[in-house]
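File shown: run.cif. Contents: mmCIF, C-alpha atoms.
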```cif
data_model
#
loop_
_atom_site.label_atom_id
_atom_site.label_comp_id
_atom_site.auth_asym_id
_atom_site.auth_seq_id
_atom_site.Cartn_x
_atom_site.Cartn_y
_atom_site.Cartn_z
CA MET Z 1 103.89 116.23 78.55
CA ARG Z 2 101.65 114.94 75.77
CA ILE Z 3 99.20 112.16 76.64
CA LEU Z 4 99.23 109.40 74.04
CA ASN Z 5 96.36 107.33 75.40
CA TYR Z 6 94.01 107.16 78.36
CA MET Z 7 91.28 105.03 79.90
CA GLU Z 8 88.74 105.19 82.69
CA LEU Z 9 87.06 102.36 84.54
CA LYS Z 10 84.25 102.47 87.12
CA ILE Z 11 83.63 99.49 89.39
CA PRO Z 12 81.68 98.78 92.59
CA SER Z 13 83.87 98.12 95.64
CA LYS Z 14 83.45 94.33 95.56
CA SER Z 15 86.56 92.33 96.33
CA GLN Z 16 86.06 90.07 93.30
CA ASN Z 17 86.74 93.21 91.22
CA GLU Z 18 90.34 93.45 92.51
CA ALA Z 19 91.48 90.90 89.93
CA PHE Z 20 89.45 92.57 87.15
CA ALA Z 21 90.90 96.01 87.94
CA ARG Z 22 94.55 94.89 87.92
CA VAL Z 23 94.13 92.78 84.77
CA ALA Z 24 92.36 95.67 82.97
CA VAL Z 25 95.23 98.05 83.88
CA ALA Z 26 97.79 95.44 82.78
CA ALA Z 27 96.03 95.13 79.41
CA PHE Z 28 96.04 98.93 79.01
CA VAL Z 29 99.76 99.15 79.84
CA ALA Z 30 100.62 96.25 77.49
CA GLN Z 31 100.70 98.64 74.50
CA LEU Z 32 103.99 100.03 75.87
CA ASP Z 33 105.55 96.58 75.57
CA PRO Z 34 106.72 96.45 79.21
CA THR Z 35 108.66 93.54 80.73
CA LEU Z 36 106.77 90.93 82.75
CA ASP Z 37 108.31 92.35 85.94
CA GLU Z 38 107.06 95.84 85.13
CA VAL Z 39 103.53 94.56 84.43
CA THR Z 40 103.49 92.55 87.67
CA GLU Z 41 104.67 95.56 89.68
CA ILE Z 42 101.91 97.76 88.22
CA LYS Z 43 99.30 95.03 88.82
CA THR Z 44 100.41 94.70 92.45
CA ALA Z 45 100.25 98.47 93.08
CA VAL Z 46 96.76 98.67 91.51
CA SER Z 47 95.63 95.72 93.62
CA GLU Z 48 96.88 97.45 96.80
CA ALA Z 49 95.10 100.72 96.01
CA VAL Z 50 91.82 99.04 95.01
CA THR Z 51 91.93 96.78 98.11
CA ASN Z 52 92.42 99.88 100.30
CA SER Z 53 89.31 101.46 98.78
CA ILE Z 54 87.27 98.29 99.32
CA ILE Z 55 88.46 97.51 102.86
CA HIS Z 56 89.12 100.94 104.34
CA ALA Z 57 87.23 103.57 102.35
CA TYR Z 58 83.92 101.77 102.04
CA GLU Z 59 84.29 99.12 104.80
CA ASP Z 60 80.95 97.24 104.85
CA LYS Z 61 79.27 99.41 102.22
CA ILE Z 62 79.51 99.15 98.45
CA GLY Z 63 80.68 102.34 96.78
CA GLU Z 64 82.22 103.36 93.49
CA ILE Z 65 85.88 103.12 92.58
CA ILE Z 66 87.22 104.93 89.53
CA ILE Z 67 90.47 103.81 87.93
CA LYS Z 68 92.08 106.12 85.41
CA GLY Z 69 95.10 105.31 83.29
CA LYS Z 70 97.24 107.62 81.16
CA ILE Z 71 100.19 106.92 78.92
CA TYR Z 72 102.57 109.82 78.31
CA GLU Z 73 104.75 110.17 75.23
CA ASN Z 74 107.92 109.40 77.23
CA PHE Z 75 106.65 105.88 78.18
CA VAL Z 76 105.49 106.94 81.63
CA VAL Z 77 102.26 105.37 82.90
CA GLU Z 78 100.01 107.21 85.34
CA ILE Z 79 97.34 105.30 87.27
CA GLU Z 80 94.78 106.94 89.54
CA VAL Z 81 92.57 104.99 91.94
CA ILE Z 82 89.78 107.20 93.29
CA ASP Z 83 87.09 106.45 95.87
CA PHE Z 84 84.38 108.50 97.58
CA GLY Z 85 84.61 106.71 100.91
CA LYS Z 86 85.48 107.81 104.41
CA GLY Z 87 88.90 109.28 103.62
CA ILE Z 88 92.22 109.09 105.51
CA GLU Z 89 92.66 111.27 108.59
CA ASP Z 90 96.46 111.35 108.52
CA VAL Z 91 97.93 110.41 105.13
CA GLU Z 92 101.56 110.53 106.33
CA LEU Z 93 100.76 108.10 109.15
CA ALA Z 94 98.77 105.81 106.83
CA ARG Z 95 101.79 105.60 104.51
CA GLN Z 96 104.07 104.33 107.30
CA PRO Z 97 105.06 100.65 106.97
CA LEU Z 98 102.99 98.32 109.18
CA PHE Z 99 100.44 101.02 110.00
CA THR Z 100 96.91 99.61 109.96
CA THR Z 101 93.59 100.66 111.41
CA LYS Z 102 92.45 97.02 111.30
CA PRO Z 103 95.05 94.91 113.14
CA ASP Z 104 92.47 92.22 113.97
CA GLU Z 105 91.66 91.54 110.33
CA GLU Z 106 95.04 90.26 109.14
CA ARG Z 107 95.87 93.55 107.44
CA SER Z 108 99.62 93.68 106.88
CA GLY Z 109 99.74 97.49 106.91
CA MET Z 110 102.13 97.32 103.95
CA GLY Z 111 99.84 98.44 101.11
CA PHE Z 112 101.33 101.92 100.62
CA THR Z 113 104.87 100.60 101.13
CA VAL Z 114 104.30 98.05 98.35
CA MET Z 115 102.90 100.77 96.05
CA GLU Z 116 105.94 102.97 96.77
CA THR Z 117 108.38 100.08 96.22
CA PHE Z 118 106.86 98.92 92.94
CA MET Z 119 106.02 102.31 91.39
CA ASP Z 120 108.33 105.30 90.78
CA LYS Z 121 106.15 107.96 92.38
CA VAL Z 122 103.03 107.75 94.58
CA GLU Z 123 100.85 110.73 95.58
CA VAL Z 124 97.97 110.39 98.02
CA THR Z 125 95.32 113.05 98.53
CA SER Z 126 92.45 112.45 100.91
CA GLU Z 127 89.68 114.30 102.66
CA VAL Z 128 87.78 112.83 105.61
CA GLY Z 129 84.19 112.11 104.59
CA ARG Z 130 84.90 112.84 100.91
CA GLY Z 131 87.28 110.17 99.66
CA THR Z 132 90.82 109.36 98.57
CA CYS Z 133 92.83 109.58 95.37
CA VAL Z 134 96.02 107.55 94.90
CA ARG Z 135 98.03 108.74 91.88
CA MET Z 136 100.93 106.55 90.83
CA PHE Z 137 103.55 106.84 88.11
CA LYS Z 138 105.82 104.26 86.59
CA ALA Z 139 108.36 104.66 83.85
CA ILE Z 140 108.52 101.75 81.45
CA LYS Z 141 112.31 101.61 81.39
CA LYS Z 142 112.98 98.73 79.11
CA ARG Z 143 110.76 97.71 76.26
CA LYS Z 144 110.60 93.92 76.14
CA SER Z 145 111.04 93.55 72.39
CA GLU Z 146 113.78 96.17 71.94
CA GLY Z 147 115.68 95.84 75.23
CA VAL Z 148 116.63 99.54 75.18
CA GLU Z 149 116.84 101.89 78.15
CA ILE Z 150 114.80 105.08 77.84
CA GLU Z 151 115.37 108.42 79.59
CA GLN Z 152 112.23 109.61 81.36
CA SER Z 153 110.85 112.34 83.56
CA PHE Z 154 107.55 112.46 85.46
CA PRO Z 155 104.98 115.22 85.43
CA GLY Z 156 106.22 117.41 88.29
CA GLY Z 157 109.71 115.85 88.34
CA ILE Z 158 110.96 112.59 89.80
CA ASP Z 159 110.12 112.17 93.45
CA LYS Z 160 110.39 108.70 94.84
CA MET W 1 93.07 80.27 93.50
CA ASP W 2 93.04 76.63 94.51
CA PHE W 3 95.18 74.47 96.75
CA GLU W 4 96.26 70.92 97.34
CA ALA W 5 96.77 69.46 100.82
CA ILE W 6 99.21 66.57 101.30
CA MET W 7 99.95 64.84 104.64
CA MET W 8 103.42 63.34 105.03
CA GLU W 9 104.35 61.83 108.42
CA GLY W 10 102.82 64.57 110.52
CA THR W 11 103.69 67.36 108.08
CA LEU W 12 100.89 69.11 106.23
CA ILE W 13 101.95 70.50 102.86
CA LEU W 14 99.60 73.16 101.47
CA LYS W 15 100.40 73.93 97.86
CA ILE W 16 98.66 77.09 96.63
CA ARG W 17 98.15 77.95 92.97
CA GLY W 18 96.70 81.00 91.26
CA GLU W 19 96.22 84.46 92.74
CA LEU W 20 96.38 85.27 96.46
CA ASP W 21 94.65 88.62 97.03
CA GLN W 22 92.06 89.93 99.50
CA TYR W 23 89.19 88.15 97.73
CA ASN W 24 90.85 84.75 97.88
CA ALA W 25 92.30 85.31 101.37
CA ASP W 26 88.72 85.72 102.65
CA ARG W 27 87.56 82.59 100.81
CA PHE W 28 90.36 80.30 101.99
CA ARG W 29 91.18 81.53 105.54
CA LEU W 30 88.87 79.16 107.42
CA ARG W 31 89.61 76.15 105.21
CA PHE W 32 93.35 76.55 105.81
CA ASP W 33 92.94 77.04 109.56
CA MET W 34 90.78 73.92 109.89
CA LYS W 35 93.51 71.84 108.26
CA ILE W 36 96.30 73.48 110.28
CA VAL W 37 94.66 72.89 113.69
CA SER W 38 93.93 69.22 112.94
CA PRO W 39 95.56 67.10 115.74
CA GLU W 40 97.63 64.84 113.44
CA VAL W 41 99.47 67.88 112.02
CA GLN W 42 102.76 68.75 113.72
CA LYS W 43 104.35 70.93 111.07
CA VAL W 44 102.90 73.00 108.21
CA VAL W 45 104.63 73.80 104.92
CA ILE W 46 102.89 76.36 102.69
CA ASP W 47 104.24 76.21 99.15
CA ILE W 48 103.58 79.48 97.29
CA SER W 49 105.98 78.83 94.39
CA GLU W 50 103.14 78.40 91.90
CA LEU W 51 101.24 81.56 92.78
CA THR W 52 100.83 83.77 89.72
CA PHE W 53 99.94 86.84 91.78
CA MET W 54 100.14 88.01 95.38
CA ASP W 55 99.79 91.40 97.10
CA SER W 56 100.07 92.56 100.70
CA SER W 57 96.66 91.01 101.51
CA GLY W 58 98.28 87.68 100.62
CA VAL W 59 101.14 88.49 102.99
CA GLY W 60 98.55 89.22 105.71
CA PHE W 61 96.94 85.85 104.94
CA LEU W 62 100.26 83.99 105.35
CA VAL W 63 101.05 85.79 108.62
CA GLY W 64 97.53 84.91 109.84
CA ARG W 65 98.09 81.19 109.15
CA PHE W 66 101.50 81.42 110.87
CA LYS W 67 99.75 82.84 113.96
CA THR W 68 97.13 80.06 113.89
CA ALA W 69 99.89 77.44 113.76
CA ARG W 70 101.83 79.15 116.54
CA ALA W 71 98.70 79.33 118.75
CA PHE W 72 98.53 75.52 118.47
CA ALA W 73 102.29 75.12 119.05
CA LYS W 74 102.98 74.01 115.46
CA GLU W 75 105.81 75.09 113.21
CA LEU W 76 104.85 76.79 109.91
CA VAL W 77 107.34 77.44 107.10
CA LEU W 78 107.08 78.75 103.54
CA VAL W 79 108.43 77.44 100.25
CA CYS W 80 108.88 80.04 97.53
CA SER W 81 111.01 80.02 94.40
CA SER W 82 109.35 82.95 92.62
CA SER W 83 111.62 85.98 92.50
CA TYR W 84 108.70 88.43 92.31
CA ILE W 85 106.95 86.96 95.36
CA ASN W 86 110.24 86.78 97.26
CA ARG W 87 110.68 90.49 96.58
CA LEU W 88 107.17 91.19 97.88
CA LEU W 89 107.83 89.09 101.00
CA SER W 90 111.07 90.90 101.75
CA THR W 91 109.42 94.32 101.15
CA CYS W 92 106.88 93.34 103.80
CA GLY W 93 109.62 91.99 106.12
CA ILE W 94 108.01 88.55 106.43
CA GLU W 95 111.36 86.74 106.60
CA LYS W 96 111.88 88.06 110.13
CA LEU W 97 108.79 86.15 111.22
CA ILE W 98 108.45 83.06 109.03
CA LYS W 99 111.20 80.71 107.83
CA LYS W 100 111.40 80.48 104.06
CA TYR W 101 112.92 77.79 101.80
CA THR W 102 113.31 77.52 98.05
CA THR W 103 112.29 73.84 97.74
CA ILE W 104 109.91 71.49 99.56
CA ASP W 105 112.79 69.06 100.22
CA GLU W 106 114.70 71.78 102.09
CA ALA W 107 111.58 72.70 104.08
CA LEU W 108 111.02 69.05 105.07
CA SER W 109 114.58 68.29 106.15
#
```
Take the structure in this file and express it as structure tokens.
Amino acid sequence: MRILNYMELKIPSKSQNEAFARVAVAAFVAQLDPTLDEVTEIKTAVSEAVTNSIIHAYEDKIGEIIIKGKIYENFVVEIEVIDFGKGIEDVELARQPLFTTKPDEERSGMGFTVMETFMDKVEVTSEVGRGTCVRMFKAIKKRKSEGVEIEQSFPGGIDK
Amino acid sequence: MDFEAIMMEGTLILKIRGELDQYNADRFRLRFDMKIVSPEVQKVVIDISELTFMDSSGVGFLVGRFKTARAFAKELVLVCSSSYINRLLSTCGIEKLIKKYTTIDEALS
């Protein structure tokens, strides 16, 4: 699949950067003319992934978070959120609804569930002591100005 | 994010505007709890209809305030008319825990 456009963003894991990261991704995606709902869903998923890196990967330390965006020719958006923090021991367990390693800190344990609900495909790769990469795809199904439905496929096939 | 607090015959209405994420949850947690535990408050209504953004950290924040209210034997309910935030709340299953209304009038009655 041909990539039409891409971007890369590097930020320190400060929680005031959550808003910056999601707004930057929303601005990048805007060129596809998505609906407001689609933009909000992407912003929410980015916010979840970046918050996970800040709270869980780096905990009390400040580390680097890299956010990559790609736009494919079939109006599919790919967003990667990468950190070099402590990593996730059991990714399958971490993806379960309500699972949290920090129950005393008002963590809802719903971050991955929200990403999976609002995006079309979510892949998580992690290595303990090395870091985590969350790769998410979303098909922009209806362009706001045209109101037409578009047929799409994801790199590696649709897997929700 | 900012908020407005209104007292009406023992009911504290907390109207939140802006974006409720991890950053703002950390900034506002204590200020909300101090208002909720105040002795003249019997019931708490948190109005999130005017939020422009919320993620699961915001859901954690609302559940946290619900638990504060419950620890002091006070009722806490939500008002939300935003379809996006309602979808987020139902994804997180918050309706099983906290009562939700679409208008302040309904929440007060």
For this session: Give me, as a PyMOL selection string, the contact residues of chain Z against chain W at a cut-off of 9 Å, counting all atoms listed in the file.
Result: chain Z and resi 14-19+37+40-41+43-45+47-48+51+97-98+105-111+113-114+117
Which centre and edge lengths in Å to one decimal define the box along x, y and z that fits every listed atom of range 67-75 of chain W plus 3 Å per side, as AutoDock Vina command-line options?
```
--center_x 101.5 --center_y 78.4 --center_z 116.1 --size_x 14.7 --size_y 14.8 --size_z 11.8
```
Any chance you could resolve the PyMOL selection byres ((chain Z and resi 55) around 10) against this file and give the residues as a JSON list (two decimals) with C-alpha atoms, keeping the file's coordinate frame?
```
[["chain", "number", "residue", "atom", "x", "y", "z"],
["Z", 13, "SER", "CA", 83.87, 98.12, 95.64],
["Z", 14, "LYS", "CA", 83.45, 94.33, 95.56],
["Z", 15, "SER", "CA", 86.56, 92.33, 96.33],
["Z", 50, "VAL", "CA", 91.82, 99.04, 95.01],
["Z", 51, "THR", "CA", 91.93, 96.78, 98.11],
["Z", 52, "ASN", "CA", 92.42, 99.88, 100.30],
["Z", 53, "SER", "CA", 89.31, 101.46, 98.78],
["Z", 54, "ILE", "CA", 87.27, 98.29, 99.32],
["Z", 56, "HIS", "CA", 89.12, 100.94, 104.34],
["Z", 57, "ALA", "CA", 87.23, 103.57, 102.35],
["Z", 58, "TYR", "CA", 83.92, 101.77, 102.04],
["Z", 59, "GLU", "CA", 84.29, 99.12, 104.80],
["Z", 60, "ASP", "CA", 80.95, 97.24, 104.85],
["Z", 61, "LYS", "CA", 79.27, 99.41, 102.22],
["Z", 102, "LYS", "CA", 92.45, 97.02, 111.30],
["Z", 107, "ARG", "CA", 95.87, 93.55, 107.44],
["W", 22, "GLN", "CA", 92.06, 89.93, 99.50]]
```
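For the pair CA of Lys138 in chain Z and CA of Ala94 in chain Z, the separation is 21.5 Å.
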For this session: Would you mind reading off the distance between CA of Lys74 in chain W and CA of Val41 in chain W, one decimal, in Å?
Result: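 One can read the CA of Lys74 in chain W to CA of Val41 in chain W distance as 7.9 Å.
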Problem set entry | CA of Leu4 in chain Z to CA of Val39 in chain Z, straight-line distance in Å |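 If I compute the distance from CA of Val39 in chain Z to CA of Leu4 in chain Z, I get 18.6 Å.
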Exercise. Selected by the PyMOL selection byres ((chain W and resi 99) around 6) in the shown coordinates: which residues, as a VMD selection string?
Worked result: chain W and resid 77 98 100
Exercise. Just so the selection is clear, what residues does the PyMOL selection byres ((chain Z and resi 137) around 6) cover here, as a ChimeraX atom specification?
Worked result: /Z:77-78,120-121,136,138
